[in-house]
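**Student:** Questions regarding the structure given below will be posed in turn.
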Amino acid sequence: MSQDERLVRSLHDIRVGDVTLAGGKGANLGELLSAGAPVPPGFVITSGAFAAALEAAGVRDDLRASARDVDVDDPATLAAAAQRMQELVHKAGVPRELHDEIVRAYAGLGSGRVAVLSSATAEDSAGTSFAGMNETYTNVTGDDELLARVVDCWASLYSPRVVAYRATQQIADEPLLAVVVQTMVPSDRSGVMFTTDPTTGDDRHLVIEGAFGLGEVVVSGSVEPDTYVVDKAGPRLLSVHVGVKDFRIVSGAQGNERQQLTFEEAQRRVLDDETVLALAQLGARIADHYGAPQDIEWAIVGDKIWIVQSRPITTLGLADTKPERHDEVLVAGLAAAPGVASGPVRVLHDPSEGSQLRLGEVLVAPMTNPDWLPAMRHAAALVTDGGGMTCHAAVVARELRLPCIVGARTATRLLRNGEMVTVDGDAGEVLAGQAARAVAVPALSPAVVATTVEPLATKIYVNLATPQHAVEVAAAPVDGVGLLRAEMMLTEALKGTHPRELIRRGDSGSFVSAMAASLLEITRAFAPRPVVYRSIDFRTNEFRGLSGGEAYEPVESNPMIGYRGCYRYVCEPDLFALELDALARVREETPNLHLMIPFVRTAWELEACLEAVDASSLGRQRGLHRWVMAEVPSVVYRIRDYVGLGIDGVSIGSNDLTQLMLGVDRDSEVCSELFDESDSAVLAAIRDIIDACHRSGITSSLCGQAPSNKPEFAAQLVDMGITSISVTPDAVDRTRAAVAVAEKQLLVRAARSR
């Protein structure tokens, strides 16, 4: 077989003119290698290999016919057609000759961990980037997994989002796909670099965005990245915006792993000045080589910079239309795609809700990924809570000429369906009313009408006990529910009946159904914000008060420190299992629900409890966070042990912690003056818990009554470095104000100490 006929080629043999063979990504990577750029070694499975696989299986004509029949404006028809086409691709698989070539090329890379990247033949051109449209896989190991991921890449060419994108961009040619396989770069830091400012078109400036770990957190918009603006003359660093990077994705032994960052880590700069300038110089050389502005993805391992992708910027030269200004700015964020548009708001939380969006509405979402594209095509503008200027939402919005604001943080909470707004993609502001003429804004509830909420580094959660006011509370400027007490919901849902009485009657299913229904009212209202559910923590005297309770509950002289919390779950695993079943049912619809274990005294109790969680259907669900309440002073000494057992968050129950630190029954009227959450001993314990959480890399919160009643207490927690504070709904505004002042004072002190 001649070199030209090979279905698998080294990147060293590919140049920028080989787009039809290697796809846009593969062609650009080969060109970068030829120009001396630091590109990880790899090979390309050509578009001809894909076509040959389809021909060999006899499915190519079926795919063409199915593609002709797709109505991209009908979500149901689009989804059905896409599924049918993807099934045909999986049916085709990898022919034997191609199988052997891929395995040989993989062995040439050392058969280690690789990234498997889709490279469409219409991708990364001057007019279309296909940003994130086709699938990419990292941490792939072994012949079988590699071959499976290659087929998955091929099939992604027929996903609903890609089919819709091709129609939007009026790409009529038969879709073909190459696949790039590269040695995996386990990056410490990564991000995106635009060699011309993508929002202003200013060719004098270069923009770099970065985060810790693998680059998917930047392009997906799941964290707020650092942003560095560089003047190419010099080069010289003009400005630095340090984002809040809550977590990172790292390459682990078992695949990619999500790691929560501590308070200090989340706000640390990703790049020092020297590294920023080194990246800028490399980016400028690449742009000079191509003779056009470039959108470059980079990764750093130690001190080594790698370039993992470069493509032309597809969105320069857009019209700069200024709106009529309005007095009220409803939401502000990063100006991600220029232009101005007006329309009624449509808040959506998941791509599956896309059919609800009407032509000309402003799409408001927590964050968009390529799956949102069919809905984005109908939007007048786009506003997202998360993301940076180089996330998928921003890139695709610029291509669609769609004014876009990202990183608005509170947009899904402050903007309401149906209200008329103007999105100014140049200024990064959502204004009340319509651009060309004034339009009355519908009256909003007092909980929603507010000036722009100041973003805080410390998250503000709320404490809830019932679902009755969940929708109203969710409209407030809060980051989620930090403490959802189960006891009142259980009492209401079971109509005052002891759960063991239901089990005796053979009616345990009603326990699960009733609790799940109550929980869903809350999780739906707050989605996608987290709801941290504290499992049932009735004391024996409270359980005895339920119907039938006297038959099941012992009489204790001091139930406050008796048979309750984690120890009770270990002793009564059947009752705990019902609670876990209810949570699992809720998380199937709303995965923003998480579990918190109360009153943990010892490590062996917690270990046994978590084993029960892991063995349940709840424990097998991805993304579940496991928290413990810090109420017993022993937690100060055991956080490292608890983290080793799988805990990733601690919430300080300052009410119980105070009574056990000071030996005062918090329910005692006689000793009430002794109960003081601000006592120096209690504050020392709280500080030790927060410090231990920081050292262990987990989040810390506090959900006692003190910050609700005393704003100055909240300020002390900020000084200690707490991650979040959970307060009663009525205390949200004054807590936010106190936290804002405390955070500014911290910044001032830090600046003075430099």
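Ordered as shown in the structure tokens, chains take letters A, B, and onward, while each chain numbers its residues from 1 and ligands are numbered from 1 in the order shown.
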From a backbone DSSP assignment, name each residue in segment 224-306 of chain A labelled strand (DSSP E), as JSON, numbers by chain.
**Tutor:** {"A": [226, 227, 228, 229, 230, 231, 236, 237, 238, 239, 240, 241, 247, 248, 249, 250, 251, 252, 255, 256, 257, 258, 259, 260, 294, 295, 296, 297, 298, 299, 300, 301, 304, 305, 306]}
**Student:** Just the selected residues (C-alpha atoms), exported as a PDB file, in the first residue's frame, please.
**Tutor:**
```
ATOM      1  CA  ASP A 226      -8.510  33.411  34.863  1.00  0.00           C
ATOM      2  CA  THR A 227      -8.364  35.939  32.016  1.00  0.00           C
ATOM      3  CA  TYR A 228      -5.096  37.586  30.969  1.00  0.00           C
ATOM      4  CA  VAL A 229      -5.039  40.365  28.358  1.00  0.00           C
ATOM      5  CA  VAL A 230      -1.662  40.939  26.706  1.00  0.00           C
ATOM      6  CA  ASP A 231      -0.459  43.805  24.535  1.00  0.00           C
ATOM      7  CA  ARG A 236       3.268  43.351  27.914  1.00  0.00           C
ATOM      8  CA  LEU A 237       0.632  42.132  30.368  1.00  0.00           C
ATOM      9  CA  LEU A 238      -2.249  44.629  30.445  1.00  0.00           C
ATOM     10  CA  SER A 239      -4.748  43.093  32.852  1.00  0.00           C
ATOM     11  CA  VAL A 240      -5.428  40.037  34.995  1.00  0.00           C
ATOM     12  CA  HIS A 241      -8.844  38.794  36.120  1.00  0.00           C
ATOM     13  CA  PHE A 247     -12.590  22.377  41.020  1.00  0.00           C
ATOM     14  CA  ARG A 248     -10.222  20.825  38.515  1.00  0.00           C
ATOM     15  CA  ILE A 249     -10.257  17.697  36.355  1.00  0.00           C
ATOM     16  CA  VAL A 250      -7.066  15.647  36.551  1.00  0.00           C
ATOM     17  CA  SER A 251      -5.844  12.576  34.743  1.00  0.00           C
ATOM     18  CA  GLY A 252      -5.915   9.722  37.263  1.00  0.00           C
ATOM     19  CA  GLY A 255      -9.539   7.921  34.260  1.00  0.00           C
ATOM     20  CA  ASN A 256     -10.373  11.569  34.720  1.00  0.00           C
ATOM     21  CA  GLU A 257     -11.078  12.635  38.297  1.00  0.00           C
ATOM     22  CA  ARG A 258     -12.794  15.744  39.622  1.00  0.00           C
ATOM     23  CA  GLN A 259     -10.987  17.359  42.552  1.00  0.00           C
ATOM     24  CA  GLN A 260     -12.570  20.114  44.642  1.00  0.00           C
ATOM     25  CA  GLN A 294      -5.814  31.871  15.866  1.00  0.00           C
ATOM     26  CA  ASP A 295      -7.890  30.208  18.590  1.00  0.00           C
ATOM     27  CA  ILE A 296      -5.299  28.033  20.384  1.00  0.00           C
ATOM     28  CA  GLU A 297      -5.711  25.417  23.109  1.00  0.00           C
ATOM     29  CA  TRP A 298      -2.694  24.961  25.392  1.00  0.00           C
ATOM     30  CA  ALA A 299      -1.660  22.728  28.277  1.00  0.00           C
ATOM     31  CA  ILE A 300       1.200  22.884  30.766  1.00  0.00           C
ATOM     32  CA  VAL A 301       2.842  19.956  32.577  1.00  0.00           C
ATOM     33  CA  LYS A 304       6.559  22.372  29.662  1.00  0.00           C
ATOM     34  CA  ILE A 305       4.024  24.126  27.391  1.00  0.00           C
ATOM     35  CA  TRP A 306       2.144  21.968  24.883  1.00  0.00           C
TER      36      TRP A 306
END
```
**Student:** With only C-alpha atoms as the counted atoms, please give the residues lying no more than 9 Å from Asp679 of chain A, apart from itself and same-chain residues fewer than 4 positions off, as a PyMOL selection string.
**Tutor:** chain A and resi 658+662+675+683-684
**Student:** Just write the chosen residues, N, CA and C atoms, as an mmCIF file, in the first residue's frame.
**Tutor:**
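Contents of again-v8.cif, freshly written:
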```cif
data_model
loop_
_atom_site.group_PDB
_atom_site.id
_atom_site.type_symbol
_atom_site.label_atom_id
_atom_site.label_comp_id
_atom_site.auth_asym_id
_atom_site.auth_seq_id
_atom_site.Cartn_x
_atom_site.Cartn_y
_atom_site.Cartn_z
ATOM 1 N N THR A 658 -21.883 23.994 69.965
ATOM 2 C CA THR A 658 -21.784 24.892 71.121
ATOM 3 C C THR A 658 -22.208 24.188 72.403
ATOM 4 N N LEU A 662 -19.509 23.585 75.423
ATOM 5 C CA LEU A 662 -19.715 24.297 76.690
ATOM 6 C C LEU A 662 -20.484 23.476 77.719
ATOM 7 N N PHE A 675 -25.381 29.681 76.872
ATOM 8 C CA PHE A 675 -25.279 29.187 75.496
ATOM 9 C C PHE A 675 -24.857 30.344 74.581
ATOM 10 N N LEU A 683 -15.469 29.302 68.949
ATOM 11 C CA LEU A 683 -14.857 29.885 67.760
ATOM 12 C C LEU A 683 -13.532 29.200 67.417
ATOM 13 N N ALA A 684 -12.776 28.816 68.452
ATOM 14 C CA ALA A 684 -11.510 28.116 68.211
ATOM 15 C C ALA A 684 -11.765 26.766 67.548
#
```
**Student:** What lies within 12 Å of Ala737 of chain A using only C-alpha atoms, ignoring chain neighbours under 5 positions off, as a list in words?
**Tutor:**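 Counting only the stated atoms, we get Val453, Glu454, Pro455, Leu456, Thr458, Ile460, Pro477, Pro707, Lys710, Pro711, Glu712, Ala714, Ala715, Ala731, Val732, Ala742, Glu743 and Lys744 of chain A.
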**Student:** Using only C-alpha atoms, what does the table of segment 549-648 of chain A residues within 10 Å of segment 517-540 of chain A look like, with each row giving the shortest atom pair and its distance in Å to one decimal, sorted by chain and ascending number, as a Markdown table?
**Tutor:**
```
| residue | atom | partner | partner_atom | distance |
| --- | --- | --- | --- | --- |
| A:Gly549 | CA | A:Thr540 | CA | 8.9 |
| A:Glu550 | CA | A:Thr540 | CA | 9.5 |
| A:Tyr552 | CA | A:Thr540 | CA | 9.2 |
| A:Glu553 | CA | A:Thr540 | CA | 5.8 |
| A:Pro554 | CA | A:Thr540 | CA | 6.7 |
| A:Val555 | CA | A:Thr540 | CA | 7.2 |
| A:Glu556 | CA | A:Thr540 | CA | 7.3 |
| A:Asn558 | CA | A:Thr540 | CA | 9.5 |
| A:Pro559 | CA | A:Arg539 | CA | 5.9 |
| A:Met560 | CA | A:Arg539 | CA | 6.6 |
| A:Ile561 | CA | A:Arg539 | CA | 8.6 |
| A:Gly562 | CA | A:Arg539 | CA | 7.5 |
| A:Tyr563 | CA | A:Thr540 | CA | 6.6 |
| A:Arg564 | CA | A:Arg539 | CA | 5.6 |
| A:Gly565 | CA | A:Asp537 | CA | 5.3 |
| A:Cys566 | CA | A:Asp537 | CA | 8.6 |
| A:Arg568 | CA | A:Asp537 | CA | 9.0 |
| A:Tyr569 | CA | A:Ile536 | CA | 9.3 |
| A:Phe576 | CA | A:Ser535 | CA | 8.6 |
| A:Glu579 | CA | A:Ser535 | CA | 7.7 |
| A:Leu580 | CA | A:Ser535 | CA | 8.9 |
| A:Ala582 | CA | A:Leu519 | CA | 8.7 |
| A:Leu583 | CA | A:Leu519 | CA | 8.1 |
| A:Arg585 | CA | A:Leu520 | CA | 9.3 |
| A:Val586 | CA | A:Leu520 | CA | 6.1 |
| A:Arg587 | CA | A:Leu520 | CA | 8.8 |
| A:Glu589 | CA | A:Leu520 | CA | 8.3 |
| A:Thr590 | CA | A:Thr523 | CA | 6.3 |
| A:Pro591 | CA | A:Pro528 | CA | 8.0 |
| A:Asn592 | CA | A:Pro530 | CA | 4.8 |
| A:Leu593 | CA | A:Val531 | CA | 4.9 |
| A:His594 | CA | A:Val532 | CA | 4.8 |
| A:Leu595 | CA | A:Tyr533 | CA | 5.1 |
| A:Met596 | CA | A:Arg534 | CA | 4.6 |
| A:Ile597 | CA | A:Ser535 | CA | 6.0 |
| A:Pro598 | CA | A:Arg534 | CA | 6.6 |
| A:Phe599 | CA | A:Asp537 | CA | 8.2 |
| A:His625 | CA | A:Val532 | CA | 8.6 |
| A:Arg626 | CA | A:Val532 | CA | 9.0 |
| A:Trp627 | CA | A:Val532 | CA | 8.2 |
| A:Val628 | CA | A:Arg534 | CA | 8.7 |
| A:Met629 | CA | A:Arg534 | CA | 8.3 |
```
**Student:** May I have the selected residues written with C-alpha atoms, as a PDB file, in the first residue's frame?
**Tutor:**
```pdb
ATOM      1  CA  GLY A 549     -43.673   5.574  68.275  1.00  0.00           C
ATOM      2  CA  GLU A 550     -43.928   4.320  71.855  1.00  0.00           C
ATOM      3  CA  TYR A 552     -40.285   1.373  68.957  1.00  0.00           C
ATOM      4  CA  GLU A 553     -38.430   4.095  70.883  1.00  0.00           C
ATOM      5  CA  PRO A 554     -36.473   3.658  74.125  1.00  0.00           C
ATOM      6  CA  VAL A 555     -36.888   6.110  76.987  1.00  0.00           C
ATOM      7  CA  GLU A 556     -33.653   8.063  77.468  1.00  0.00           C
ATOM      8  CA  ASN A 558     -30.715  12.620  77.899  1.00  0.00           C
ATOM      9  CA  PRO A 559     -31.866  12.010  74.304  1.00  0.00           C
ATOM     10  CA  MET A 560     -29.928  15.041  73.040  1.00  0.00           C
ATOM     11  CA  ILE A 561     -26.722  12.986  73.233  1.00  0.00           C
ATOM     12  CA  GLY A 562     -28.367   9.588  72.944  1.00  0.00           C
ATOM     13  CA  TYR A 563     -29.663   7.262  70.230  1.00  0.00           C
ATOM     14  CA  ARG A 564     -29.585   9.494  67.156  1.00  0.00           C
ATOM     15  CA  GLY A 565     -27.759  10.392  63.951  1.00  0.00           C
ATOM     16  CA  CYS A 566     -25.129   8.208  62.335  1.00  0.00           C
ATOM     17  CA  ARG A 568     -28.857   4.994  64.619  1.00  0.00           C
ATOM     18  CA  TYR A 569     -28.430   4.327  60.874  1.00  0.00           C
ATOM     19  CA  PHE A 576     -31.920   4.031  56.615  1.00  0.00           C
ATOM     20  CA  GLU A 579     -34.448   6.939  53.171  1.00  0.00           C
ATOM     21  CA  LEU A 580     -31.676   6.214  50.678  1.00  0.00           C
ATOM     22  CA  ALA A 582     -36.234   7.993  48.417  1.00  0.00           C
ATOM     23  CA  LEU A 583     -33.120  10.073  47.735  1.00  0.00           C
ATOM     24  CA  ARG A 585     -35.580   8.269  43.255  1.00  0.00           C
ATOM     25  CA  VAL A 586     -35.296  12.057  43.514  1.00  0.00           C
ATOM     26  CA  ARG A 587     -31.766  12.162  42.085  1.00  0.00           C
ATOM     27  CA  GLU A 589     -34.796  13.426  38.001  1.00  0.00           C
ATOM     28  CA  THR A 590     -32.836  16.137  39.846  1.00  0.00           C
ATOM     29  CA  PRO A 591     -29.188  15.189  40.447  1.00  0.00           C
ATOM     30  CA  ASN A 592     -28.573  18.362  42.436  1.00  0.00           C
ATOM     31  CA  LEU A 593     -29.528  16.524  45.658  1.00  0.00           C
ATOM     32  CA  HIS A 594     -26.703  15.490  48.016  1.00  0.00           C
ATOM     33  CA  LEU A 595     -26.480  13.649  51.341  1.00  0.00           C
ATOM     34  CA  MET A 596     -25.304  14.894  54.736  1.00  0.00           C
ATOM     35  CA  ILE A 597     -24.853  12.553  57.718  1.00  0.00           C
ATOM     36  CA  PRO A 598     -25.592  14.155  61.133  1.00  0.00           C
ATOM     37  CA  PHE A 599     -24.167  13.636  64.610  1.00  0.00           C
ATOM     38  CA  HIS A 625     -21.571  14.428  47.361  1.00  0.00           C
ATOM     39  CA  ARG A 626     -21.283  12.968  50.867  1.00  0.00           C
ATOM     40  CA  TRP A 627     -21.156  15.503  53.696  1.00  0.00           C
ATOM     41  CA  VAL A 628     -20.979  15.167  57.461  1.00  0.00           C
ATOM     42  CA  MET A 629     -22.315  17.517  60.104  1.00  0.00           C
TER      43      MET A 629
END
```
**Student:** When DSSP works through the backbone of this structure, what residues of segment 84-309 of chain A end up as helix (DSSP H, G or I), shown as JSON, numbers by chain?
**Tutor:** {"A": [84, 85, 86, 87, 88, 89, 90, 91, 92, 96, 97, 98, 99, 100, 101, 102, 103, 104, 105, 106, 107, 108, 143, 144, 145, 146, 147, 148, 149, 150, 151, 152, 153, 154, 155, 156, 160, 161, 162, 163, 164, 165, 166, 167, 168, 216, 217, 218, 219, 263, 264, 265, 266, 273, 274, 275, 276, 277, 278, 279, 280, 281, 282, 283, 284, 285, 286, 287, 288, 289, 290]}
**Student:** Tell me, as a VMD selection string, which residues lie within 9 Å of Cys693 of chain A, counting only C-alpha atoms; anything in the same chain fewer than 6 positions away does not count.
**Tutor:** chain A and resid 262 639 to 640 643 649 to 650 699 to 700
**Student:** Print the selection's residues with C-alpha atoms to a file, as a JSON list (two decimals), in the first residue's frame.
**Tutor:**
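again-v2.json was written with the following content:
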```
[["chain", "number", "residue", "atom", "x", "y", "z"],
["A", 262, "THR", "CA", -9.81, 24.70, 48.62],
["A", 639, "ILE", "CA", -11.58, 15.23, 59.48],
["A", 640, "ARG", "CA", -8.57, 13.65, 57.77],
["A", 643, "VAL", "CA", -11.96, 12.41, 54.10],
["A", 649, "GLY", "CA", -17.79, 18.36, 52.59],
["A", 650, "VAL", "CA", -18.29, 19.34, 56.23],
["A", 699, "THR", "CA", -15.40, 22.31, 51.46],
["A", 700, "SER", "CA", -16.47, 23.79, 54.78]]
```
**Student:** Here is a test: counting only C-alpha atoms, which residue of A:Ala105, A:Leu624, A:Leu176, A:Ala164 is nearest to Asp143 of chain A?
**Tutor:**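 Closest residue, counting only C-alpha atoms: A:Ala105.
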**Student:** Using only C-alpha atoms, determine which residues lie at most 10 Å from segment 78-85 of chain A, disregarding the query and same-chain residues fewer than 4 positions distant; provide the list as a list in words.
**Tutor:**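 Listing them by chain and then by number gives Val59, Arg60, Asp62, Leu63, Arg64, Ala65, Ser66, Ala67, Arg68, Asp69, Val70, Asp71, Val72, Asp73, Asp74, Val89, His90, Lys91, Ala155, Ser156, Leu157, Tyr158, Ser159, Pro160, Arg161, Val162, Val163, Ala164 and Pro374 of chain A.
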**Student:** Could you dump the residues just selected with C-alpha atoms as a PDB file, in the first residue's frame?
**Tutor:**
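Saved to part-v5.pdb:
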```pdb
ATOM      1  CA  VAL A  59     -24.628   1.491   5.463  1.00  0.00           C
ATOM      2  CA  ARG A  60     -23.389   4.574   3.585  1.00  0.00           C
ATOM      3  CA  ASP A  62     -28.785   4.470   4.343  1.00  0.00           C
ATOM      4  CA  LEU A  63     -26.982   7.291   6.142  1.00  0.00           C
ATOM      5  CA  ARG A  64     -27.328   9.615   3.159  1.00  0.00           C
ATOM      6  CA  ALA A  65     -31.044   8.909   2.884  1.00  0.00           C
ATOM      7  CA  SER A  66     -31.624   9.445   6.608  1.00  0.00           C
ATOM      8  CA  ALA A  67     -29.722  12.730   6.554  1.00  0.00           C
ATOM      9  CA  ARG A  68     -31.881  14.062   3.718  1.00  0.00           C
ATOM     10  CA  ASP A  69     -35.080  13.434   5.703  1.00  0.00           C
ATOM     11  CA  VAL A  70     -34.084  15.328   8.879  1.00  0.00           C
ATOM     12  CA  ASP A  71     -36.181  18.326   9.995  1.00  0.00           C
ATOM     13  CA  VAL A  72     -33.801  20.213  12.297  1.00  0.00           C
ATOM     14  CA  ASP A  73     -36.598  22.520  13.453  1.00  0.00           C
ATOM     15  CA  ASP A  74     -38.552  19.592  14.913  1.00  0.00           C
ATOM     16  CA  VAL A  89     -22.404   3.782  12.398  1.00  0.00           C
ATOM     17  CA  HIS A  90     -22.054   1.518  15.429  1.00  0.00           C
ATOM     18  CA  LYS A  91     -23.337  -1.366  13.327  1.00  0.00           C
ATOM     19  CA  ALA A 155     -21.120   8.206  15.507  1.00  0.00           C
ATOM     20  CA  SER A 156     -20.929  11.677  17.082  1.00  0.00           C
ATOM     21  CA  LEU A 157     -20.924  13.101  13.541  1.00  0.00           C
ATOM     22  CA  TYR A 158     -24.650  12.285  13.529  1.00  0.00           C
ATOM     23  CA  SER A 159     -25.628  13.635  16.954  1.00  0.00           C
ATOM     24  CA  PRO A 160     -28.580  16.094  17.023  1.00  0.00           C
ATOM     25  CA  ARG A 161     -26.298  19.001  17.792  1.00  0.00           C
ATOM     26  CA  VAL A 162     -23.970  18.332  14.826  1.00  0.00           C
ATOM     27  CA  VAL A 163     -26.838  17.741  12.398  1.00  0.00           C
ATOM     28  CA  ALA A 164     -28.450  21.014  13.540  1.00  0.00           C
ATOM     29  CA  PRO A 374     -30.816  23.147  18.406  1.00  0.00           C
TER      30      PRO A 374
END
```
**Student:** From the options A:Ser726, A:Gly58, A:Asn417, A:Val329, which residue's atoms come nearest to Arg358 of chain A, counting only C-alpha atoms?
**Tutor:**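 Using only C-alpha atoms, Arg358 of chain A sits closest to A:Asn417.
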**Student:** Write out as a count of residues only which residues come within 12 Å of Glu31 of chain A when counting only C-alpha atoms, dropping same-chain ones fewer than 5 positions away.
**Tutor:** 26
**Student:** To one decimal place, how far is atom CA of Ala457 of chain A from atom CA of Glu274 of chain A in Å?
**Tutor:** 26.8 Å
**Student:** Can you pull out every residue within 7 Å of Leu21 of chain A, counting only C-alpha atoms, but drop anything in the same chain fewer than 3 positions away, and send it as a list of chain:residue names?
**Tutor:**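 Non-adjacent residues within range: A:Asp18, A:Thr46, A:Ser47, A:Gly48.
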**Student:** I need the residues from that last selection saved to file as a PDB file, in the first residue's frame (with N, CA and C atoms), if you can.
**Tutor:**
```
ATOM      1  N   ASP A  18      -4.290  19.245   4.151  1.00  0.00           N
ATOM      2  CA  ASP A  18      -4.849  17.892   4.158  1.00  0.00           C
ATOM      3  C   ASP A  18      -6.166  17.805   4.914  1.00  0.00           C
ATOM      4  N   THR A  46      -7.791   8.489   9.019  1.00  0.00           N
ATOM      5  CA  THR A  46      -8.255   9.444   8.021  1.00  0.00           C
ATOM      6  C   THR A  46      -9.758   9.344   7.772  1.00  0.00           C
ATOM      7  N   SER A  47     -10.290  10.390   7.116  1.00  0.00           N
ATOM      8  CA  SER A  47     -11.700  10.368   6.727  1.00  0.00           C
ATOM      9  C   SER A  47     -11.971   9.244   5.737  1.00  0.00           C
ATOM     10  N   GLY A  48     -10.941   8.896   4.942  1.00  0.00           N
ATOM     11  CA  GLY A  48     -11.089   7.768   4.028  1.00  0.00           C
ATOM     12  C   GLY A  48     -11.314   6.459   4.766  1.00  0.00           C
TER      13      GLY A  48
END
```
**Student:** Nearest residue to Asp246 of chain A out of A:Gly697, A:Gly93, A:Gly506, A:Gly482, using only C-alpha atoms?
**Tutor:**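 Using only C-alpha atoms, the shortest distance to Asp246 of chain A belongs to A:Gly697.
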**Student:** What does the distance between atom CA of Val478 of chain A and atom CA of Glu216 of chain A come to in Å, to one decimal place?
**Tutor:**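 Taking atom CA of Val478 of chain A as the start and atom CA of Glu216 of chain A as the end point, the length is 26.7 Å.
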